[in-house]
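J.: Handing you this structure, nothing more for now.
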Amino acid sequence: MSEQEISEEETLHVAHLARLGLSGAEVKSFSKQLSAILQHAKDIATLDLDDVVPTKHAISLMNVMREDTVGDSLDRDEVLASAPEAQSGMFVVPKILGES
Amino acid sequence: MDLGAQEIADLVKSSKVSATQVVEAHLDEISRYDSRVNAFLLVMAENALEQAKRIDVRRSKGEELGPLAGVPIALKDNMAVSGFATTCGSKILEGWKPPYTATAVKRLVAADAVLIGKTNLDEFAMGSSTENSAYFPTKNPIDPTKVPGGSSGGSAASVAARFTPIAIGSDTGGSIRQPASLCGIVGVKPTYGLVSRYGLVAFASSLDQIGPFARNVQDAALALQVLAGHDDRDSTSIPGSHFDNSFTDRVAGLRIGVIQEMTTGISGAVEHTLNDAIAFLRSMGATVEAVSIPSTTYGLSAYYLIAPAEASSNLSRFDGVRYGLRVPGADITQTYEQTRAEGFGAEVKRRMMLGTYALSAGYYDALYGRAQKVRTLILDDFAKAYGAYDVLISPTSPTVAFGLGDKTDPLAMYMADVCTIPSNLAGHPAMSVPFGCDEAGLPIGIQVLAPAMGEQIMFSVAQSLQNGAAKPAVPVWRRD
Amino acid sequence: MFEEQGFLVTIGLEVHCELLTETKLFCSCANSFGQVPNTNICPVCLGLPGSLPVINSRAVDFAIRIGLSLNCEIRPSVFHRKNYFYPDMPKGYQVSQYDEPICVNGYLELPSFDKKVRVLRAHMEEDTGKSTHIGRIHGAEKSLVDFNRAGVPLVEIVSEPDMTSADEAREYVSELRSILVASGATDGKMEEGSLRVDANVSVRRVGTNELGTRCEIKNLNSLRSLGRAITYEAKRQIEVIEDGGAIKQETRHWNEDQGRTSGLRSKEEAYDYRYFPEPDLTPLAPSNELVDAIRSQLPIMPPERRNRLRLAGKSENYTRSELEQIQTCVNFGSDEMVLLAVSKGVPFKLALARAANEVTSIFADDPTVIDPGKFVELVSLEASSALSATQSKAVLAELAVEPTKDVKVIIAELGFVGLSADELAQIVNELIESNPKEWLRYVEGENQLGGFFIGKAMKVSNGKINGREVAQIMERRRNDILASR
């Protein structure tokens, strides 16, 4: 593999979009590995696909809906027991940027 | 321990054996040998015995029991069972107990199957060797120096090791069929939409499908009959769908295509077994011919864009807010990044990076968008092939089971799925049937592919192949 | 609105409205406001691993209703995932319609401006939960999250940037609100957040065609905030440009107390939502039959109702106050009784005035109480002078207390039974005889003394007379006297 498809800078940007903290070593290895995988995926770049409709679902179902009828909700205390942090019946999270 | 599911159910229903006896015997086998395989992340012994007891009480009252009466079943640990830890083989979900149960699991329980434990897997079903589990690798019961395949390696190993007659897995790109092939058992990926995905922790939603492992074709069909059926909770569940477990082993007069694109780059032993299978099917009266499905060669590329893209989105919910691991940081963004850095393993991170990239601004059309178009080509090519052939066959895996730790290059590992991926992209059913083995005795499976909802004819061909198959491989401790 | 300063303002609005379904968009949790936090949650709306969404059919009906009410085309649509991280968004993505929304290409009329604002699209999406900053816990800044609202069905209505003033924007939202409420799809309560408005504001110099860089203003919780925020933001942008600066495209927060907008404090973040089709849902393609059925169930919308009233009044030029009365009747729902009254021969202006003024104040608590038939009976009597305006209003007030009571019975009980012409003439004669000086002054042209006689007549008749009729009798008598001189 000669061509580097994804720079380390791009790798860092993608990692931020995915909210993945990466170590310096991971940034290096991921940019190499992702580049190799994308290089392999280049085979589909050569196909003439202009008139091809993309397939979003393998099966063609339409209009699957449910009735607007109320069902059971979960027990709040049970749900909050699984939370990393909870208080006053709510989930507690660290400071959100932009809130004050 | 060699009893199949149908035999156990018959014995329990006729009170010749109690469900408790069956469960105790299987738990005993697990406690004796699982240390050599590491198939299970969780053995639900207490629950299994209670369930068995209830079945026995009902039997004693003369109640009619379900089709899987007393049959011990292992579940891949990416299916929710209320109150039992569901880890997906990941640290990020360690200790999390879902407050609800997957529809497929409910159907098994309603059929009087006994849930005996949760099996190991590649983290979030991403992998082909079960080495990507955050907990421990699972070993191939036939040769513990080899991988069992993946990602449903724990479930495949459980059945191959005779820990359970049936296990349930999930197949996104071959995760049932490839380990079935490597462990010498039957593995089925049903038509997309035949089995409800509700409660299956999603890897790639448009490809994931739950299916059974068994040591013979009839047991796999029995399990599928129970699993299949419409579910209101899954919008992609096919209305009115069911699987009728009545098929023959007749292949006389059938037209069978051998996918040419899947006969290159395979090992000699695999090629040999494929040729044996072709010869056998011809001897049974089938017409077997080579058929080209050109677009399948692009399947791997399309798959490794679509599946990671969907996964990158599906795994965004693991953020340390509502459940699972949290590694607190100074603010929410840092908390996300640290939690996910620590909670996910390398392969999961790699695929999320790849998927995020494929969907990101400027790349969507060239990567994800094109991959979806390739999917259309594959569907069209399959449709053409099924105009001329009733079913298609191929090897399931290009090689036999490889050594633990042998494949370190991610791309080389992805190649393990080259024959299985096209069926996922098309949403078609496919299954692996053990047919031969290499000189070292490692199993080799044949893949049978059918058009959507073509399970009946697929099972007929599989049943026929089973009649001509080599002697089943046995766990290493039975040969000691 | 800033043309004298050489600038034009352009405004586009994005309005989110919560739908009045029983349950959330993708799960069967109750859709209800003001519940104990985290009690309306289930595996689906909490984003638990393995859960799957299923579309609420009533939410789709409501979205179609909204689209039809805004003159949109109803199209096959696809849900996408909009990927971004936020603690009140359980799945790490919001399910929304992206490039294939259910409703496109509609419009809405601004009655006071005689203008159509184009509606680009109206699409369905799920709401997020709510996070509240609470300050320090154990030394660290924290927020609390409640997921009751997560998954509540929304329709987002996106206008083209067709508005040019704060007044137009306010009328757009007020008109949109009354249409949405009339459609039955939402309660339109801005104060409870069931209607939320974001404004895209840009300015450009007069004489240029290219739109300026826009800023999106959030946190507009009332029509008043909307108007103030737009005016403030336009001024701010003009100042920046006149100082030689450039407008940065950004999201700005409206602070009602300070009366200003400010940039959100988030760090520079290139948004990349990585939209892709939601694989867990099927596409929607509402059949023509369904769309027609929903269309046939729709009530007549406010613009059409205003038109009907204008036509009934047969006027080319309505006064500002009459136009306001028309709007009031339509908003209140008393327009139908005006039409009914006009069809029975009641003068339009009389029926409109009673329906817009008295009916709306007397029946403010419950507009459904008044029986249109009784309203028509009452205004007919007033039109024929059998009842005075004062009497008519008193009868209405009584009807609010006892809505089923017969109008004639109320009139009798209140002693409003009209006097015969002879009785009336007799009363007037007696008054002239007992007040000769005042009568003479009236005859000589002091018209204000007419009121003196009407007042006296009211008194002796215990309010049973119609003042206008008394005035007519006096007028005739004076004319007779003057003619005989």
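Simple scheme: letters A, B, ... for chains in structure tokens order, numbers from 1 for residues in each chain, numbers from 1 for ligands in the order shown.
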Residues of chain A classed as alpha helix (DSSP H) by DSSP on the backbone are to be reported as an NGL selection string.
T.: :A and (8-17 or 24-40 or 76-81)
J.: Residues of chain A near chain C: apply a cut-off of 10 Å, count only C-alpha atoms, and supply the list as a PyMOL selection string.
T.: chain A and resi 13+17-19+56-77+79-80+85-100
J.: Determine, using only C-alpha atoms, which residues of chain B have any atom at most 7 Å from an atom of chain C, and tabulate each with its shortest atom pair and distance in Å to one decimal place, rows ordered by chain and then rising number, as a tab-separated table.
T.:
```
residue	atom	partner	partner_atom	distance
B:Tyr198	CA	C:Ser51	CA	5.7
B:Gly199	CA	C:Gly50	CA	4.0
B:Leu200	CA	C:Gly50	CA	4.6
B:Val201	CA	C:Gly50	CA	3.9
B:Ala202	CA	C:Gly50	CA	5.9
B:Ser205	CA	C:Pro279	CA	5.9
B:Ser206	CA	C:Pro279	CA	5.3
B:Arg233	CA	C:Val54	CA	6.5
B:Asp234	CA	C:Leu52	CA	6.1
B:Ser235	CA	C:Val54	CA	5.7
B:Thr236	CA	C:Asp280	CA	6.5
B:Ser313	CA	C:Asn83	CA	6.8
B:Ser316	CA	C:Gly92	CA	4.7
B:Arg317	CA	C:Lys91	CA	4.3
B:Val321	CA	C:Pro87	CA	6.7
B:Leu359	CA	C:Arg274	CA	5.1
B:Ser360	CA	C:Arg274	CA	5.2
B:Ala361	CA	C:Asp272	CA	6.3
```
J.: Residues of chain B within 7 Å of chain A, counting only C-alpha atoms, what are they? List them as a ChimeraX atom specification.
T.: /B:96,206,235,298,301,320-324,326,331-332,336-338,340-341,350,353-354,356-357,369,372-373,375-376,411,425-427
J.: What's the 8 Å shell around range 428-431 of chain C, counting only C-alpha atoms, without same-chain residues fewer than 5 positions away, as a tab-separated table (two decimals) with N, CA, C and O atoms, in the first residue's frame?
T.:
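Final file, around_9.tsv:
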```
chain	number	residue	atom	x	y	z
C	453	PHE	N	-85.32	62.59	27.00
C	453	PHE	CA	-86.62	61.93	26.88
C	453	PHE	C	-86.48	60.41	26.84
C	453	PHE	O	-87.27	59.69	27.47
C	456	LYS	N	-85.94	59.20	30.34
C	456	LYS	CA	-87.21	59.21	31.09
C	456	LYS	C	-88.09	58.04	30.69
C	456	LYS	O	-88.70	57.36	31.53
C	457	ALA	N	-88.13	57.81	29.36
C	457	ALA	CA	-88.99	56.73	28.84
C	457	ALA	C	-88.50	55.39	29.36
C	457	ALA	O	-89.28	54.52	29.74
C	470	VAL	N	-88.16	55.33	20.40
C	470	VAL	CA	-88.60	56.57	21.06
C	470	VAL	C	-88.08	57.76	20.26
C	470	VAL	O	-88.81	58.70	19.95
C	473	ILE	N	-90.14	58.33	17.15
C	473	ILE	CA	-91.45	58.96	17.41
C	473	ILE	C	-91.27	60.45	17.64
C	473	ILE	O	-91.99	61.29	17.08
C	474	MET	N	-90.26	60.83	18.48
C	474	MET	CA	-90.03	62.24	18.77
C	474	MET	C	-89.68	63.00	17.50
C	474	MET	O	-90.14	64.12	17.27
```
J.: Calculate how many Å separate CA of Asn219 in chain C from CA of Trp254 in chain C, rounding to one decimal.
T.: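 Separation of CA of Asn219 in chain C and CA of Trp254 in chain C: 5.6 Å.
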J.: Just give me the gap between CA of Ile427 in chain C and CA of Lys464 in chain C in Å, one decimal is fine.
T.: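 So the two atoms, CA of Ile427 in chain C and CA of Lys464 in chain C, lie 11.6 Å apart.
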J.: Which distance in Å separates CA of Ala421 in chain C and CA of Ala341 in chain C, to one decimal?
T.: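 Distance between the two atoms: 26.4 Å.
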J.: Can you pull out every residue within 9 Å of Thr287 in chain B, counting only C-alpha atoms, but drop anything in the same chain fewer than 4 positions away, and send it as a VMD selection string?
T.: chain B and resid 251 to 257 281 to 282
J.: How would the residues just picked look written out with N, CA and C atoms as a compact mmCIF listing (two decimals), in the first residue's frame?
T.:
```
# COMPACT_ATOMS: atom_id res chain seq x y z
N VAL B 251 -33.37 -34.18 -4.06
CA VAL B 251 -32.81 -33.13 -4.91
C VAL B 251 -32.90 -33.51 -6.39
N ALA B 252 -33.42 -34.68 -6.65
CA ALA B 252 -33.53 -35.13 -8.04
C ALA B 252 -34.33 -34.11 -8.84
N GLY B 253 -33.78 -33.70 -9.98
CA GLY B 253 -34.49 -32.75 -10.84
C GLY B 253 -34.22 -31.30 -10.49
N LEU B 254 -33.58 -31.06 -9.33
CA LEU B 254 -33.28 -29.66 -8.96
C LEU B 254 -32.14 -29.14 -9.81
N ARG B 255 -32.19 -27.86 -10.10
CA ARG B 255 -31.09 -27.20 -10.80
C ARG B 255 -30.27 -26.43 -9.75
N ILE B 256 -29.03 -26.79 -9.63
CA ILE B 256 -28.17 -26.21 -8.60
C ILE B 256 -26.99 -25.50 -9.27
N GLY B 257 -26.78 -24.23 -8.94
CA GLY B 257 -25.66 -23.46 -9.49
C GLY B 257 -24.51 -23.40 -8.49
N LEU B 281 -24.31 -34.43 -5.12
CA LEU B 281 -25.63 -33.91 -5.51
C LEU B 281 -26.00 -34.41 -6.92
N ARG B 282 -25.00 -34.50 -7.79
CA ARG B 282 -25.28 -35.05 -9.14
C ARG B 282 -25.72 -36.50 -9.02
```
J.: Among range 219-271 of chain B, which residues does DSSP mark as strand (DSSP E) when it is run on the backbone? Keep the chain and numbering as in the structure and answer as a list in words.
T.: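 Across range 219-271 of chain B, those assigned strand (DSSP E) are Arg255, Ile256, Gly257, Val258 and Ile259 of chain B.
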